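Please read the structure below before turning to the comments.
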Amino acid sequence: MLKKEVPVRSYTGEKWTTNTTNKKHLAVDFKHRCAYCDDLDSIYGGQASYAVEHFAPKGKFPQLKYTYDNLLYACRFCNTSKSDDWPSNSPSINVVGERGYIDPCTDEYYKHLDRDDSTGCIYYKTELGKYMYEHLKLYLKRHSTIFMVEKLKEKREELSASIDNDIEKGLDVSVKQQALLALDKEFFSYYGQLCTESM
């Protein structure tokens with residue numbers, strides 16, 4: 001699945017009337033991950049680098065500016081790419097034909113978009129998914145790179161723990177240490193890609 005888990009908003013209606021307060025709660029609800037691409041905020045520098053995304057754009061529907069049900073936690077790439085794009089003149093009509101957006105807090109979102117676990121690349125499964133994929137720029141290389149960095153980090157932590165366990169038992173860890181070095185090389189290769197302009 002594209003995201004590790006479907007996010008759940010913990011509030012409904014208008015509860016706080018500042019983006020700062022809403023973002024604090026959204027970050028927790030969305031597990032510090034972008035609603036659209038699932039990028040972890042710590043890779044970008046933390047919560048300060050993420051935005052309160054208005055699913056139905058606040059520029060078109062200012063009455064929903066602080067309505068929590070309409071808010072998402074998003075990386076600046078997805079947030080800027082979507083901007084005020086919306087397929088209708090009503091906040092409740094989010095899809096017209098094969099154009100529009102599905103709320104990532106619903107299972108429906110994942111019927112249109114998915115991720116290749118071996119490469120981290122996001123791909124679309126439907127025409128509506130293609131629209132979201134293109135307008136949110138989910139094809140950006142950084143999304144797959146961040147996925148792979150996280151995956152390698154998890155593998156590294158598991159292998160490192162296994163090495164520590166073997167050392168305590170007095171076992172030979174030379175093969176595992178070589179594997180750890182190879183993982184480190186791959187990890188830093190992906191991590192270095194995050195700094196390139198082409199992503």
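Each chain of the structure tokens is named A, B, ... in the order shown, its residues numbered from 1; ligands are numbered from 1 in display order.
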
How close does segment 12-62 of chain A get to segment 82-91 of chain A? List, as CSV, each residue of segment 12-62 of chain A within 7 Å, its nearest atom pair and the distance in Å to one decimal, counting only C-alpha atoms.
```
residue,atom,partner,partner_atom,distance
A:Ala56,CA,A:Pro91,CA,5.4
A:Pro57,CA,A:Asp84,CA,5.1
A:Gly59,CA,A:Asp84,CA,6.5
A:Phe61,CA,A:Pro91,CA,6.8
```

Selection near segment 9-26 of chain A, 6 Å with only C-alpha atoms, sequence-local residues under 4 positions removed, as a ChimeraX atom specification: /A:30,52,66-69,73

Keeping all heavy atoms for every residue in the selection just given, could you write it to a file as a tab-separated table (two decimals), in the first residue's frame?
```tsv
chain	number	residue	atom	x	y	z
A	30	PHE	N	-1.36	12.25	11.58
A	30	PHE	CA	-0.78	11.72	10.35
A	30	PHE	C	0.57	11.06	10.58
A	30	PHE	O	1.29	10.76	9.64
A	30	PHE	CB	-0.69	12.81	9.29
A	30	PHE	CG	-2.03	13.16	8.69
A	30	PHE	CD1	-2.91	14.00	9.37
A	30	PHE	CD2	-2.43	12.63	7.48
A	30	PHE	CE1	-4.16	14.31	8.85
A	30	PHE	CE2	-3.68	12.93	6.95
A	30	PHE	CZ	-4.55	13.77	7.63
A	52	VAL	N	-0.12	22.86	6.63
A	52	VAL	CA	-1.52	22.50	6.79
A	52	VAL	C	-2.13	22.59	5.39
A	52	VAL	O	-2.20	23.67	4.81
A	52	VAL	CB	-2.26	23.45	7.76
A	52	VAL	CG1	-3.75	23.14	7.77
A	52	VAL	CG2	-1.68	23.34	9.16
A	66	TYR	N	-10.47	26.49	8.77
A	66	TYR	CA	-10.08	25.85	10.02
A	66	TYR	C	-10.93	24.62	10.36
A	66	TYR	O	-10.90	24.13	11.48
A	66	TYR	CB	-10.14	26.86	11.17
A	66	TYR	CG	-9.21	28.03	10.98
A	66	TYR	CD1	-9.71	29.33	10.86
A	66	TYR	CD2	-7.83	27.85	10.90
A	66	TYR	CE1	-8.85	30.41	10.68
A	66	TYR	CE2	-6.97	28.92	10.71
A	66	TYR	CZ	-7.49	30.19	10.61
A	66	TYR	OH	-6.64	31.26	10.42
A	67	THR	N	-11.68	24.14	9.38
A	67	THR	CA	-12.50	22.93	9.61
A	67	THR	C	-11.59	21.71	9.55
A	67	THR	O	-11.04	21.39	8.49
A	67	THR	CB	-13.63	22.82	8.57
A	67	THR	OG1	-14.44	24.00	8.65
A	67	THR	CG2	-14.49	21.59	8.82
A	68	TYR	N	-11.42	21.04	10.68
A	68	TYR	CA	-10.43	19.98	10.81
A	68	TYR	C	-10.65	18.84	9.81
A	68	TYR	O	-9.70	18.24	9.31
A	68	TYR	CB	-10.42	19.45	12.25
A	68	TYR	CG	-9.11	18.80	12.64
A	68	TYR	CD1	-8.01	19.56	12.99
A	68	TYR	CD2	-8.99	17.41	12.66
A	68	TYR	CE1	-6.81	18.97	13.36
A	68	TYR	CE2	-7.80	16.81	13.03
A	68	TYR	CZ	-6.71	17.59	13.38
A	68	TYR	OH	-5.52	16.99	13.74
A	69	ASP	N	-11.89	18.55	9.52
A	69	ASP	CA	-12.22	17.48	8.57
A	69	ASP	C	-11.67	17.76	7.17
A	69	ASP	O	-11.56	16.86	6.34
A	69	ASP	CB	-13.74	17.30	8.44
A	69	ASP	CG	-14.44	17.32	9.77
A	69	ASP	OD1	-14.49	18.40	10.40
A	69	ASP	OD2	-14.95	16.27	10.19
A	73	TYR	N	-2.07	16.99	6.66
A	73	TYR	CA	-0.67	17.29	6.95
A	73	TYR	C	0.10	16.94	5.68
A	73	TYR	O	0.02	15.81	5.20
A	73	TYR	CB	-0.21	16.43	8.12
A	73	TYR	CG	1.14	16.78	8.70
A	73	TYR	CD1	1.35	18.00	9.34
A	73	TYR	CD2	2.19	15.87	8.64
A	73	TYR	CE1	2.58	18.30	9.92
A	73	TYR	CE2	3.42	16.16	9.22
A	73	TYR	CZ	3.61	17.38	9.85
A	73	TYR	OH	4.83	17.67	10.43
```

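Among the candidates A:Tyr190, A:Phe55, A:Tyr101, A:Tyr110, the residue lying nearest to Ile146 of chain A is A:Tyr190 (atoms considered: only C-alpha atoms).
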
So which residues touch segment 154-168 of chain A within 10 Å, counting only C-alpha atoms, skipping near sequence neighbours fewer than 5 positions away, as a PDB file with N, CA, C and O atoms, in the first residue's frame?
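File produced: part-v9.pdb:
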```
ATOM      1  N   MET A 148      13.044   4.526   0.232  1.00  0.00           N
ATOM      2  CA  MET A 148      14.172   3.594   0.291  1.00  0.00           C
ATOM      3  C   MET A 148      15.111   3.919   1.455  1.00  0.00           C
ATOM      4  O   MET A 148      15.641   3.005   2.096  1.00  0.00           O
ATOM      5  N   VAL A 149      15.308   5.204   1.754  1.00  0.00           N
ATOM      6  CA  VAL A 149      16.141   5.592   2.894  1.00  0.00           C
ATOM      7  C   VAL A 149      15.542   5.023   4.182  1.00  0.00           C
ATOM      8  O   VAL A 149      16.255   4.451   5.018  1.00  0.00           O
ATOM      9  N   VAL A 173      30.820 -12.437  13.881  1.00  0.00           N
ATOM     10  CA  VAL A 173      29.904 -11.469  13.243  1.00  0.00           C
ATOM     11  C   VAL A 173      30.510 -10.856  11.980  1.00  0.00           C
ATOM     12  O   VAL A 173      29.980  -9.881  11.441  1.00  0.00           O
ATOM     13  N   SER A 174      31.586 -11.416  11.488  1.00  0.00           N
ATOM     14  CA  SER A 174      32.290 -10.817  10.345  1.00  0.00           C
ATOM     15  C   SER A 174      31.405 -10.731   9.094  1.00  0.00           C
ATOM     16  O   SER A 174      31.433  -9.727   8.381  1.00  0.00           O
ATOM     17  N   VAL A 175      30.632 -11.767   8.831  1.00  0.00           N
ATOM     18  CA  VAL A 175      29.762 -11.753   7.643  1.00  0.00           C
ATOM     19  C   VAL A 175      28.678 -10.680   7.791  1.00  0.00           C
ATOM     20  O   VAL A 175      28.400  -9.917   6.861  1.00  0.00           O
ATOM     21  N   LYS A 176      28.094 -10.600   8.970  1.00  0.00           N
ATOM     22  CA  LYS A 176      27.058  -9.603   9.215  1.00  0.00           C
ATOM     23  C   LYS A 176      27.628  -8.186   9.181  1.00  0.00           C
ATOM     24  O   LYS A 176      26.965  -7.255   8.720  1.00  0.00           O
ATOM     25  N   GLN A 177      28.861  -8.031   9.635  1.00  0.00           N
ATOM     26  CA  GLN A 177      29.483  -6.702   9.594  1.00  0.00           C
ATOM     27  C   GLN A 177      29.742  -6.261   8.161  1.00  0.00           C
ATOM     28  O   GLN A 177      29.612  -5.077   7.835  1.00  0.00           O
ATOM     29  N   ALA A 179      27.874  -7.191   5.660  1.00  0.00           N
ATOM     30  CA  ALA A 179      26.536  -6.854   5.163  1.00  0.00           C
ATOM     31  C   ALA A 179      26.122  -5.465   5.640  1.00  0.00           C
ATOM     32  O   ALA A 179      25.488  -4.697   4.904  1.00  0.00           O
ATOM     33  N   LEU A 180      26.498  -5.117   6.868  1.00  0.00           N
ATOM     34  CA  LEU A 180      26.190  -3.805   7.428  1.00  0.00           C
ATOM     35  C   LEU A 180      26.911  -2.702   6.651  1.00  0.00           C
ATOM     36  O   LEU A 180      26.327  -1.655   6.359  1.00  0.00           O
ATOM     37  N   LEU A 181      28.150  -2.941   6.289  1.00  0.00           N
ATOM     38  CA  LEU A 181      28.904  -1.971   5.491  1.00  0.00           C
ATOM     39  C   LEU A 181      28.251  -1.760   4.126  1.00  0.00           C
ATOM     40  O   LEU A 181      28.175  -0.633   3.626  1.00  0.00           O
ATOM     41  N   ALA A 182      27.770  -2.856   3.520  1.00  0.00           N
ATOM     42  CA  ALA A 182      27.095  -2.752   2.221  1.00  0.00           C
ATOM     43  C   ALA A 182      25.793  -1.967   2.348  1.00  0.00           C
ATOM     44  O   ALA A 182      25.460  -1.142   1.490  1.00  0.00           O
ATOM     45  N   LEU A 183      25.063  -2.204   3.452  1.00  0.00           N
ATOM     46  CA  LEU A 183      23.832  -1.454   3.712  1.00  0.00           C
ATOM     47  C   LEU A 183      24.118   0.032   3.894  1.00  0.00           C
ATOM     48  O   LEU A 183      23.397   0.880   3.388  1.00  0.00           O
ATOM     49  N   ASP A 184      25.192   0.326   4.637  1.00  0.00           N
ATOM     50  CA  ASP A 184      25.568   1.726   4.856  1.00  0.00           C
ATOM     51  C   ASP A 184      25.881   2.417   3.538  1.00  0.00           C
ATOM     52  O   ASP A 184      25.475   3.563   3.310  1.00  0.00           O
ATOM     53  N   PHE A 187      22.616   2.999   1.788  1.00  0.00           N
ATOM     54  CA  PHE A 187      21.862   4.023   2.508  1.00  0.00           C
ATOM     55  C   PHE A 187      22.356   5.417   2.147  1.00  0.00           C
ATOM     56  O   PHE A 187      21.585   6.309   1.797  1.00  0.00           O
TER      57      PHE A 187
END
```

DSSP helix (DSSP H, G or I) selection over segment 17-185 of chain A, as a VMD selection string: chain A and resid 19 to 29 41 to 44 47 to 49 62 to 64 68 to 70 76 to 82 107 to 111 127 to 135 141 to 168 174 to 185

Contacts of Lys130 of chain A at 10 Å (only C-alpha atoms; same-chain gap of 6+ positions) as an NGL selection string: :A and (98-99 or 112-113 or 123-124 or 136 or 138)

Could those selected residues go to a file with all heavy atoms, as a short mmCIF file (atom, residue, chain, number, x, y, z; two decimals), in the first residue's frame?
```cif
data_model
loop_
_atom_site.label_atom_id
_atom_site.label_comp_id
_atom_site.auth_asym_id
_atom_site.auth_seq_id
_atom_site.Cartn_x
_atom_site.Cartn_y
_atom_site.Cartn_z
N GLU A 98 -12.95 12.07 -14.41
CA GLU A 98 -11.67 11.49 -13.98
C GLU A 98 -10.73 12.56 -13.44
O GLU A 98 -9.51 12.38 -13.43
CB GLU A 98 -11.01 10.75 -15.16
CG GLU A 98 -11.84 9.63 -15.76
CD GLU A 98 -12.14 8.52 -14.77
OE1 GLU A 98 -11.43 8.40 -13.75
OE2 GLU A 98 -13.09 7.75 -15.02
N ARG A 99 -11.29 13.69 -13.02
CA ARG A 99 -10.50 14.79 -12.47
C ARG A 99 -10.87 15.02 -11.01
O ARG A 99 -12.05 14.95 -10.66
CB ARG A 99 -10.76 16.08 -13.26
CG ARG A 99 -10.32 16.05 -14.69
CD ARG A 99 -10.76 17.31 -15.44
NE ARG A 99 -10.34 18.54 -14.76
CZ ARG A 99 -11.17 19.39 -14.17
NH1 ARG A 99 -12.48 19.16 -14.17
NH2 ARG A 99 -10.70 20.49 -13.58
N HIS A 112 -6.73 4.02 -6.04
CA HIS A 112 -6.27 4.78 -7.21
C HIS A 112 -4.76 4.93 -7.28
O HIS A 112 -4.21 5.13 -8.36
CB HIS A 112 -6.91 6.17 -7.20
CG HIS A 112 -8.41 6.13 -7.19
ND1 HIS A 112 -9.15 5.93 -8.33
CD2 HIS A 112 -9.29 6.24 -6.17
CE1 HIS A 112 -10.43 5.93 -8.00
NE2 HIS A 112 -10.55 6.10 -6.71
N LEU A 113 -4.09 4.82 -6.15
CA LEU A 113 -2.64 4.99 -6.09
C LEU A 113 -2.01 3.89 -5.25
O LEU A 113 -2.62 3.40 -4.30
CB LEU A 113 -2.30 6.35 -5.46
CG LEU A 113 -2.72 7.59 -6.24
CD1 LEU A 113 -2.73 8.81 -5.34
CD2 LEU A 113 -1.81 7.82 -7.43
N TYR A 123 2.80 4.76 -8.06
CA TYR A 123 2.19 4.64 -9.39
C TYR A 123 0.68 4.73 -9.26
O TYR A 123 0.11 4.56 -8.19
CB TYR A 123 2.62 3.33 -10.06
CG TYR A 123 2.19 2.06 -9.36
CD1 TYR A 123 0.97 1.43 -9.67
CD2 TYR A 123 3.00 1.47 -8.38
CE1 TYR A 123 0.58 0.27 -9.02
CE2 TYR A 123 2.60 0.31 -7.73
CZ TYR A 123 1.41 -0.28 -8.06
OH TYR A 123 1.02 -1.43 -7.42
N TYR A 124 0.02 5.03 -10.38
CA TYR A 124 -1.44 5.14 -10.38
C TYR A 124 -2.07 3.88 -10.95
O TYR A 124 -1.46 3.16 -11.75
CB TYR A 124 -1.90 6.37 -11.17
CG TYR A 124 -1.40 6.45 -12.60
CD1 TYR A 124 -2.09 5.82 -13.64
CD2 TYR A 124 -0.24 7.15 -12.91
CE1 TYR A 124 -1.64 5.90 -14.94
CE2 TYR A 124 0.22 7.23 -14.22
CZ TYR A 124 -0.48 6.61 -15.22
OH TYR A 124 -0.03 6.68 -16.52
N LEU A 136 -0.21 16.18 -8.16
CA LEU A 136 0.53 16.22 -6.89
C LEU A 136 2.03 15.99 -7.10
O LEU A 136 2.80 16.05 -6.16
CB LEU A 136 -0.02 15.15 -5.93
CG LEU A 136 -1.44 15.38 -5.41
CD1 LEU A 136 -1.98 14.12 -4.73
CD2 LEU A 136 -1.47 16.56 -4.44
N LEU A 138 3.53 13.18 -7.79
CA LEU A 138 3.95 12.00 -7.02
C LEU A 138 5.04 11.21 -7.75
O LEU A 138 5.59 10.26 -7.20
CB LEU A 138 2.74 11.11 -6.73
CG LEU A 138 1.68 11.75 -5.82
CD1 LEU A 138 0.47 10.84 -5.69
CD2 LEU A 138 2.26 12.07 -4.44
#
```

9 Å contact set for Gln47 of chain A, only C-alpha atoms, chain neighbours under 2 positions out, as a PyMOL selection string: chain A and resi 23-24+27+32+41-42+44-45+49-51

Got time to write the residues from that selection, N, CA and C atoms, as a PDB file, in the first residue's frame?
```
ATOM      1  N   LYS A  23      -1.811  22.365  12.887  1.00  0.00           N
ATOM      2  CA  LYS A  23      -0.678  21.569  12.405  1.00  0.00           C
ATOM      3  C   LYS A  23      -0.119  20.662  13.495  1.00  0.00           C
ATOM      4  N   LYS A  24      -0.077  21.167  14.712  1.00  0.00           N
ATOM      5  CA  LYS A  24       0.429  20.374  15.845  1.00  0.00           C
ATOM      6  C   LYS A  24      -0.393  19.087  15.993  1.00  0.00           C
ATOM      7  N   ALA A  27      -0.013  16.734  12.742  1.00  0.00           N
ATOM      8  CA  ALA A  27       1.258  15.996  12.724  1.00  0.00           C
ATOM      9  C   ALA A  27       1.134  14.680  13.489  1.00  0.00           C
ATOM     10  N   HIS A  32       3.298  12.146  11.523  1.00  0.00           N
ATOM     11  CA  HIS A  32       4.390  12.964  10.975  1.00  0.00           C
ATOM     12  C   HIS A  32       4.709  12.613   9.519  1.00  0.00           C
ATOM     13  N   ASP A  41       8.253  13.613   7.912  1.00  0.00           N
ATOM     14  CA  ASP A  41       8.661  15.016   8.039  1.00  0.00           C
ATOM     15  C   ASP A  41      10.091  15.199   8.538  1.00  0.00           C
ATOM     16  N   SER A  42      10.610  14.257   9.322  1.00  0.00           N
ATOM     17  CA  SER A  42      11.966  14.405   9.855  1.00  0.00           C
ATOM     18  C   SER A  42      13.018  14.428   8.746  1.00  0.00           C
ATOM     19  N   TYR A  44      12.725  16.041   6.027  1.00  0.00           N
ATOM     20  CA  TYR A  44      12.719  17.402   5.494  1.00  0.00           C
ATOM     21  C   TYR A  44      13.116  18.448   6.524  1.00  0.00           C
ATOM     22  N   GLY A  45      13.351  18.051   7.742  1.00  0.00           N
ATOM     23  CA  GLY A  45      13.707  19.013   8.775  1.00  0.00           C
ATOM     24  C   GLY A  45      12.658  19.160   9.855  1.00  0.00           C
ATOM     25  N   SER A  49       8.774  22.258   8.506  1.00  0.00           N
ATOM     26  CA  SER A  49       8.881  22.254   7.048  1.00  0.00           C
ATOM     27  C   SER A  49       7.621  21.722   6.364  1.00  0.00           C
ATOM     28  N   TYR A  50       6.628  21.280   7.153  1.00  0.00           N
ATOM     29  CA  TYR A  50       5.376  20.762   6.594  1.00  0.00           C
ATOM     30  C   TYR A  50       4.273  21.811   6.682  1.00  0.00           C
ATOM     31  N   ALA A  51       3.196  21.567   5.954  1.00  0.00           N
ATOM     32  CA  ALA A  51       2.126  22.555   5.866  1.00  0.00           C
ATOM     33  C   ALA A  51       0.782  21.971   6.258  1.00  0.00           C
TER      34      ALA A  51
END
```

Strand (DSSP E) positions in segment 13-194 of chain A, given as number ranges by chain: A: 51-54, 71-74, 95-96, 99-100, 113-115, 122-124

Among listed residues A:Leu171, A:Leu152, A:Met132, A:Cys37, nearest Gly100 of chain A (using only C-alpha atoms):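 Distance minimum relative to Gly100 of chain A lands on A:Met132.
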